[in-house]
>>> print(open('upload.pdb').read())   # PDB, C-alpha atoms and all ligand atoms
ATOM      1  CA  MET F   1     165.995  77.081 137.875
ATOM      2  CA  ARG F   2     162.771  77.732 139.724
ATOM      3  CA  ASP F   3     159.563  76.417 138.358
ATOM      4  CA  THR F   4     157.594  79.144 136.721
ATOM      5  CA  THR F   5     153.900  78.874 136.269
ATOM      6  CA  ILE F   6     152.328  80.975 133.620
ATOM      7  CA  ASP F   7     148.656  81.390 134.227
ATOM      8  CA  ARG F   8     146.883  81.094 130.952
ATOM      9  CA  GLY F   9     143.617  80.248 132.601
ATOM     10  CA  THR F  10     142.253  83.681 133.250
ATOM     11  CA  LYS F  11     141.769  86.196 130.534
ATOM     12  CA  THR F  12     140.694  89.686 131.427
ATOM     13  CA  SER F  13     138.586  90.756 128.536
ATOM     14  CA  LEU F  14     138.010  94.358 127.482
ATOM     15  CA  LYS F  15     135.323  93.205 125.150
ATOM     16  CA  LEU F  16     132.198  94.087 127.027
ATOM     17  CA  GLY F  17     129.748  93.298 124.297
ATOM     18  CA  ARG F  18     127.486  95.862 122.729
ATOM     19  CA  PRO F  19     127.507  99.341 124.284
ATOM     20  CA  GLN F  20     124.581 100.090 126.522
ATOM     21  CA  LEU F  21     121.909 102.065 124.699
ATOM     22  CA  HIS F  22     120.316 105.146 126.216
ATOM     23  CA  LYS F  23     116.857 106.631 125.701
ATOM     24  CA  VAL F  24     116.346 110.338 125.120
ATOM     25  CA  ILE F  25     113.181 111.493 126.847
ATOM     26  CA  LEU F  26     111.134 114.604 126.080
ATOM     27  CA  HIS F  27     109.346 116.131 129.077
ATOM     28  CA  ASN F  28     106.176 118.177 128.974
ATOM     29  CA  ASP F  29     105.906 121.691 130.393
ATOM     30  CA  ASP F  30     103.166 124.297 130.366
ATOM     31  CA  PHE F  31     104.989 127.019 128.459
ATOM     32  CA  THR F  32     106.928 125.785 125.428
ATOM     33  CA  PRO F  33     104.818 126.166 122.249
ATOM     34  CA  ARG F  34     103.912 122.907 120.515
ATOM     35  CA  GLU F  35     105.384 124.171 117.234
ATOM     36  CA  PHE F  36     108.717 124.894 118.878
ATOM     37  CA  VAL F  37     108.887 121.383 120.380
ATOM     38  CA  MET F  38     108.265 119.933 116.903
ATOM     39  CA  LEU F  39     110.936 122.180 115.411
ATOM     40  CA  VAL F  40     113.553 120.917 117.880
ATOM     41  CA  LEU F  41     112.531 117.279 117.340
ATOM     42  CA  ALA F  42     112.929 117.721 113.588
ATOM     43  CA  ALA F  43     116.247 119.589 113.797
ATOM     44  CA  VAL F  44     118.051 117.481 116.400
ATOM     45  CA  PHE F  45     116.448 114.056 116.087
ATOM     46  CA  ARG F  46     115.786 114.188 112.335
ATOM     47  CA  LEU F  47     112.119 113.384 112.785
ATOM     48  CA  GLY F  48     109.571 114.088 110.096
ATOM     49  CA  GLU F  49     106.470 116.159 110.776
ATOM     50  CA  ASP F  50     104.214 113.204 111.613
ATOM     51  CA  ASP F  51     106.668 111.646 114.088
ATOM     52  CA  SER F  52     107.462 115.040 115.637
ATOM     53  CA  TYR F  53     103.762 115.706 116.131
ATOM     54  CA  ARG F  54     103.087 112.247 117.559
ATOM     55  CA  ILE F  55     105.967 112.430 120.053
ATOM     56  CA  MET F  56     105.206 116.025 121.057
ATOM     57  CA  MET F  57     101.521 115.169 121.650
ATOM     58  CA  THR F  58     102.414 112.023 123.624
ATOM     59  CA  ALA F  59     104.651 114.081 125.953
ATOM     60  CA  HIS F  60     101.947 116.772 126.128
ATOM     61  CA  LYS F  61      99.272 114.270 127.197
ATOM     62  CA  LEU F  62     101.279 111.787 129.298
ATOM     63  CA  GLY F  63     104.006 114.040 130.720
ATOM     64  CA  ALA F  64     106.974 112.499 128.883
ATOM     65  CA  CYS F  65     107.812 110.459 125.796
ATOM     66  CA  VAL F  66     110.828 108.467 124.588
ATOM     67  CA  ILE F  67     112.099 110.152 121.428
ATOM     68  CA  ALA F  68     114.680 107.551 120.365
ATOM     69  CA  VAL F  69     117.437 105.243 121.602
ATOM     70  CA  TYR F  70     121.152 105.766 120.842
ATOM     71  CA  ALA F  71     124.615 104.860 122.078
ATOM     72  CA  GLN F  72     125.162 106.779 125.342
ATOM     73  CA  ASP F  73     127.422 109.529 123.960
ATOM     74  CA  ILE F  74     125.076 110.241 121.038
ATOM     75  CA  ALA F  75     122.035 110.277 123.345
ATOM     76  CA  GLU F  76     123.714 112.738 125.716
ATOM     77  CA  THR F  77     124.934 114.986 122.899
ATOM     78  CA  LYS F  78     121.486 115.146 121.295
ATOM     79  CA  ALA F  79     119.768 115.804 124.621
ATOM     80  CA  SER F  80     122.101 118.710 125.383
ATOM     81  CA  GLU F  81     121.879 120.118 121.828
ATOM     82  CA  ALA F  82     118.084 120.060 122.069
ATOM     83  CA  GLY F  83     118.171 121.621 125.538
ATOM     84  CA  ASP F  84     120.561 124.325 124.314
ATOM     85  CA  LEU F  85     118.244 125.233 121.410
ATOM     86  CA  ALA F  86     115.350 125.566 123.842
ATOM     87  CA  ARG F  87     117.364 127.646 126.307
ATOM     88  CA  GLU F  88     118.579 129.962 123.523
ATOM     89  CA  ALA F  89     114.961 130.524 122.544
ATOM     90  CA  GLY F  90     114.006 131.223 126.159
ATOM     91  CA  PHE F  91     112.146 127.987 126.892
ATOM     92  CA  ALA F  92     112.695 125.544 129.777
ATOM     93  CA  LEU F  93     111.986 122.520 127.582
ATOM     94  CA  LEU F  94     113.618 119.481 129.198
ATOM     95  CA  PHE F  95     115.375 116.504 127.583
ATOM     96  CA  THR F  96     116.891 113.742 129.723
ATOM     97  CA  THR F  97     118.666 110.453 129.033
ATOM     98  CA  GLU F  98     118.541 107.123 130.813
ATOM     99  CA  PRO F  99     119.811 103.604 130.162
ATOM    100  CA  ASP F 100     117.523 101.539 127.943
ATOM    101  CA  GLU F 101     116.506  98.711 130.359
TER
HETATM  102  N1  LIG X   1     102.382 121.538 126.897
HETATM  103  C1  LIG X   1     102.886 122.522 125.948
HETATM  104  C2  LIG X   1     101.780 123.510 125.603
HETATM  105  O1  LIG X   1     100.622 123.245 125.864
HETATM  106  C3  LIG X   1     103.400 121.859 124.653
HETATM  107  C4  LIG X   1     104.482 120.882 124.931
HETATM  108  C5  LIG X   1     104.378 119.589 124.434
HETATM  109  C6  LIG X   1     105.587 121.257 125.683
HETATM  110  C7  LIG X   1     105.378 118.656 124.670
HETATM  111  C8  LIG X   1     106.592 120.320 125.942
HETATM  112  O2  LIG X   1     107.454 118.122 125.684
HETATM  113  C9  LIG X   1     106.482 119.032 125.438
HETATM  114  N2  LIG X   1     102.143 124.624 125.002
END
>>> encode(input="upload.pdb", output="structure tokens")
Amino acid sequence: MRDTTIDRGTKTSLKLGRPQLHKVILHNDDFTPREFVMLVLAAVFRLGEDDSYRIMMTAHKLGACVIAVYAQDIAETKASEAGDLAREAGFALLFTTEPDE
């Protein structure tokens, strides 16, 4: 019988640690009303009035603002839900996602 070597030394792991988190970013534009931006932030991201106002004003003044950080699929779903609401209302309000660090 031939010698058989069973390699127990390498273990391909599917455990890749914690999933990479993604930021959802709100972008400023010149047309979307401030109140509508706040409405979308409250509806999709569950933000209260103070946080909605703060994030909307930060994007308004600086050009963009991180809304929150989520697992990638949640971040992408929320960004497209928010974008869809804006589009349905006739606004070009932009939400993007990117890896968190
Ligand atoms: N700049 C818009 C205005 O003056 C308001 C606004 C704020 C739009 C934040 C988008 O992400 C935004 N009506």
>>> residues_near_ligand(input="upload.pdb", ligand="ligand LIG 1 (chain X)", cutoff="6 Å", atoms="only C-alpha atoms and all ligand atoms", output="mmCIF file with C-alpha atoms, in the coordinates of the input")
data_model
loop_
_atom_site.group_PDB
_atom_site.id
_atom_site.type_symbol
_atom_site.label_atom_id
_atom_site.label_comp_id
_atom_site.auth_asym_id
_atom_site.auth_seq_id
_atom_site.Cartn_x
_atom_site.Cartn_y
_atom_site.Cartn_z
ATOM 1 C CA LEU F 26 111.134 114.604 126.080
ATOM 2 C CA HIS F 27 109.346 116.131 129.077
ATOM 3 C CA ASN F 28 106.176 118.177 128.974
ATOM 4 C CA ASP F 29 105.906 121.691 130.393
ATOM 5 C CA ASP F 30 103.166 124.297 130.366
ATOM 6 C CA PHE F 31 104.989 127.019 128.459
ATOM 7 C CA THR F 32 106.928 125.785 125.428
ATOM 8 C CA PRO F 33 104.818 126.166 122.249
ATOM 9 C CA ARG F 34 103.912 122.907 120.515
ATOM 10 C CA MET F 56 105.206 116.025 121.057
ATOM 11 C CA MET F 57 101.521 115.169 121.650
ATOM 12 C CA ALA F 59 104.651 114.081 125.953
ATOM 13 C CA HIS F 60 101.947 116.772 126.128
#
>>> atom_distance(input="upload.pdb", atom1="atom CA of F:Thr97", atom2="atom CA of F:Val66")
9.2 Å
>>> resolve_selection(input="upload.pdb", expression="the PyMOL selection byres (((chain F and resi 39) around 12) and not hetatm)", output="tab-separated table (two decimals) with C-alpha atoms, in the coordinates of the input")
chain	number	residue	atom	x	y	z
F	32	THR	CA	106.93	125.78	125.43
F	33	PRO	CA	104.82	126.17	122.25
F	34	ARG	CA	103.91	122.91	120.52
F	35	GLU	CA	105.38	124.17	117.23
F	36	PHE	CA	108.72	124.89	118.88
F	37	VAL	CA	108.89	121.38	120.38
F	38	MET	CA	108.26	119.93	116.90
F	40	VAL	CA	113.55	120.92	117.88
F	41	LEU	CA	112.53	117.28	117.34
F	42	ALA	CA	112.93	117.72	113.59
F	43	ALA	CA	116.25	119.59	113.80
F	44	VAL	CA	118.05	117.48	116.40
F	45	PHE	CA	116.45	114.06	116.09
F	46	ARG	CA	115.79	114.19	112.34
F	47	LEU	CA	112.12	113.38	112.78
F	48	GLY	CA	109.57	114.09	110.10
F	49	GLU	CA	106.47	116.16	110.78
F	50	ASP	CA	104.21	113.20	111.61
F	51	ASP	CA	106.67	111.65	114.09
F	52	SER	CA	107.46	115.04	115.64
F	53	TYR	CA	103.76	115.71	116.13
F	55	ILE	CA	105.97	112.43	120.05
F	56	MET	CA	105.21	116.02	121.06
F	82	ALA	CA	118.08	120.06	122.07
F	85	LEU	CA	118.24	125.23	121.41
F	86	ALA	CA	115.35	125.57	123.84
F	89	ALA	CA	114.96	130.52	122.54
>>> residues_around(input="upload.pdb", residues="F:Glu101", least_positions_apart="6", cutoff="12 Å", atoms="all atoms listed in the file", output="short mmCIF file (atom, residue, chain, number, x, y, z; two decimals) with C-alpha atoms, in the frame of the given file")
data_model
loop_
_atom_site.label_atom_id
_atom_site.label_comp_id
_atom_site.auth_asym_id
_atom_site.auth_seq_id
_atom_site.Cartn_x
_atom_site.Cartn_y
_atom_site.Cartn_z
CA GLN F 20 124.58 100.09 126.52
CA LEU F 21 121.91 102.06 124.70
CA HIS F 22 120.32 105.15 126.22
CA LYS F 23 116.86 106.63 125.70
CA VAL F 69 117.44 105.24 121.60
#
>>> atom_distance(input="upload.pdb", atom1="atom CA of F:Asp73", atom2="atom CA of F:Gly90")
25.6 Å
>>> closest_residue(input="upload.pdb", among="F:Arg54, F:Lys78, F:Lys61, F:Arg18", to="F:Leu94", atoms="only C-alpha atoms")
F:Lys78
>>> atom_distance(input="upload.pdb", atom1="atom CA of F:Ile74", atom2="atom CA of F:Gly17")
17.9 Å
>>> closest_residue(input="upload.pdb", among="F:Lys15, F:Leu62, F:Pro99, F:Val24", to="F:Ala75", atoms="only C-alpha atoms")
F:Val24
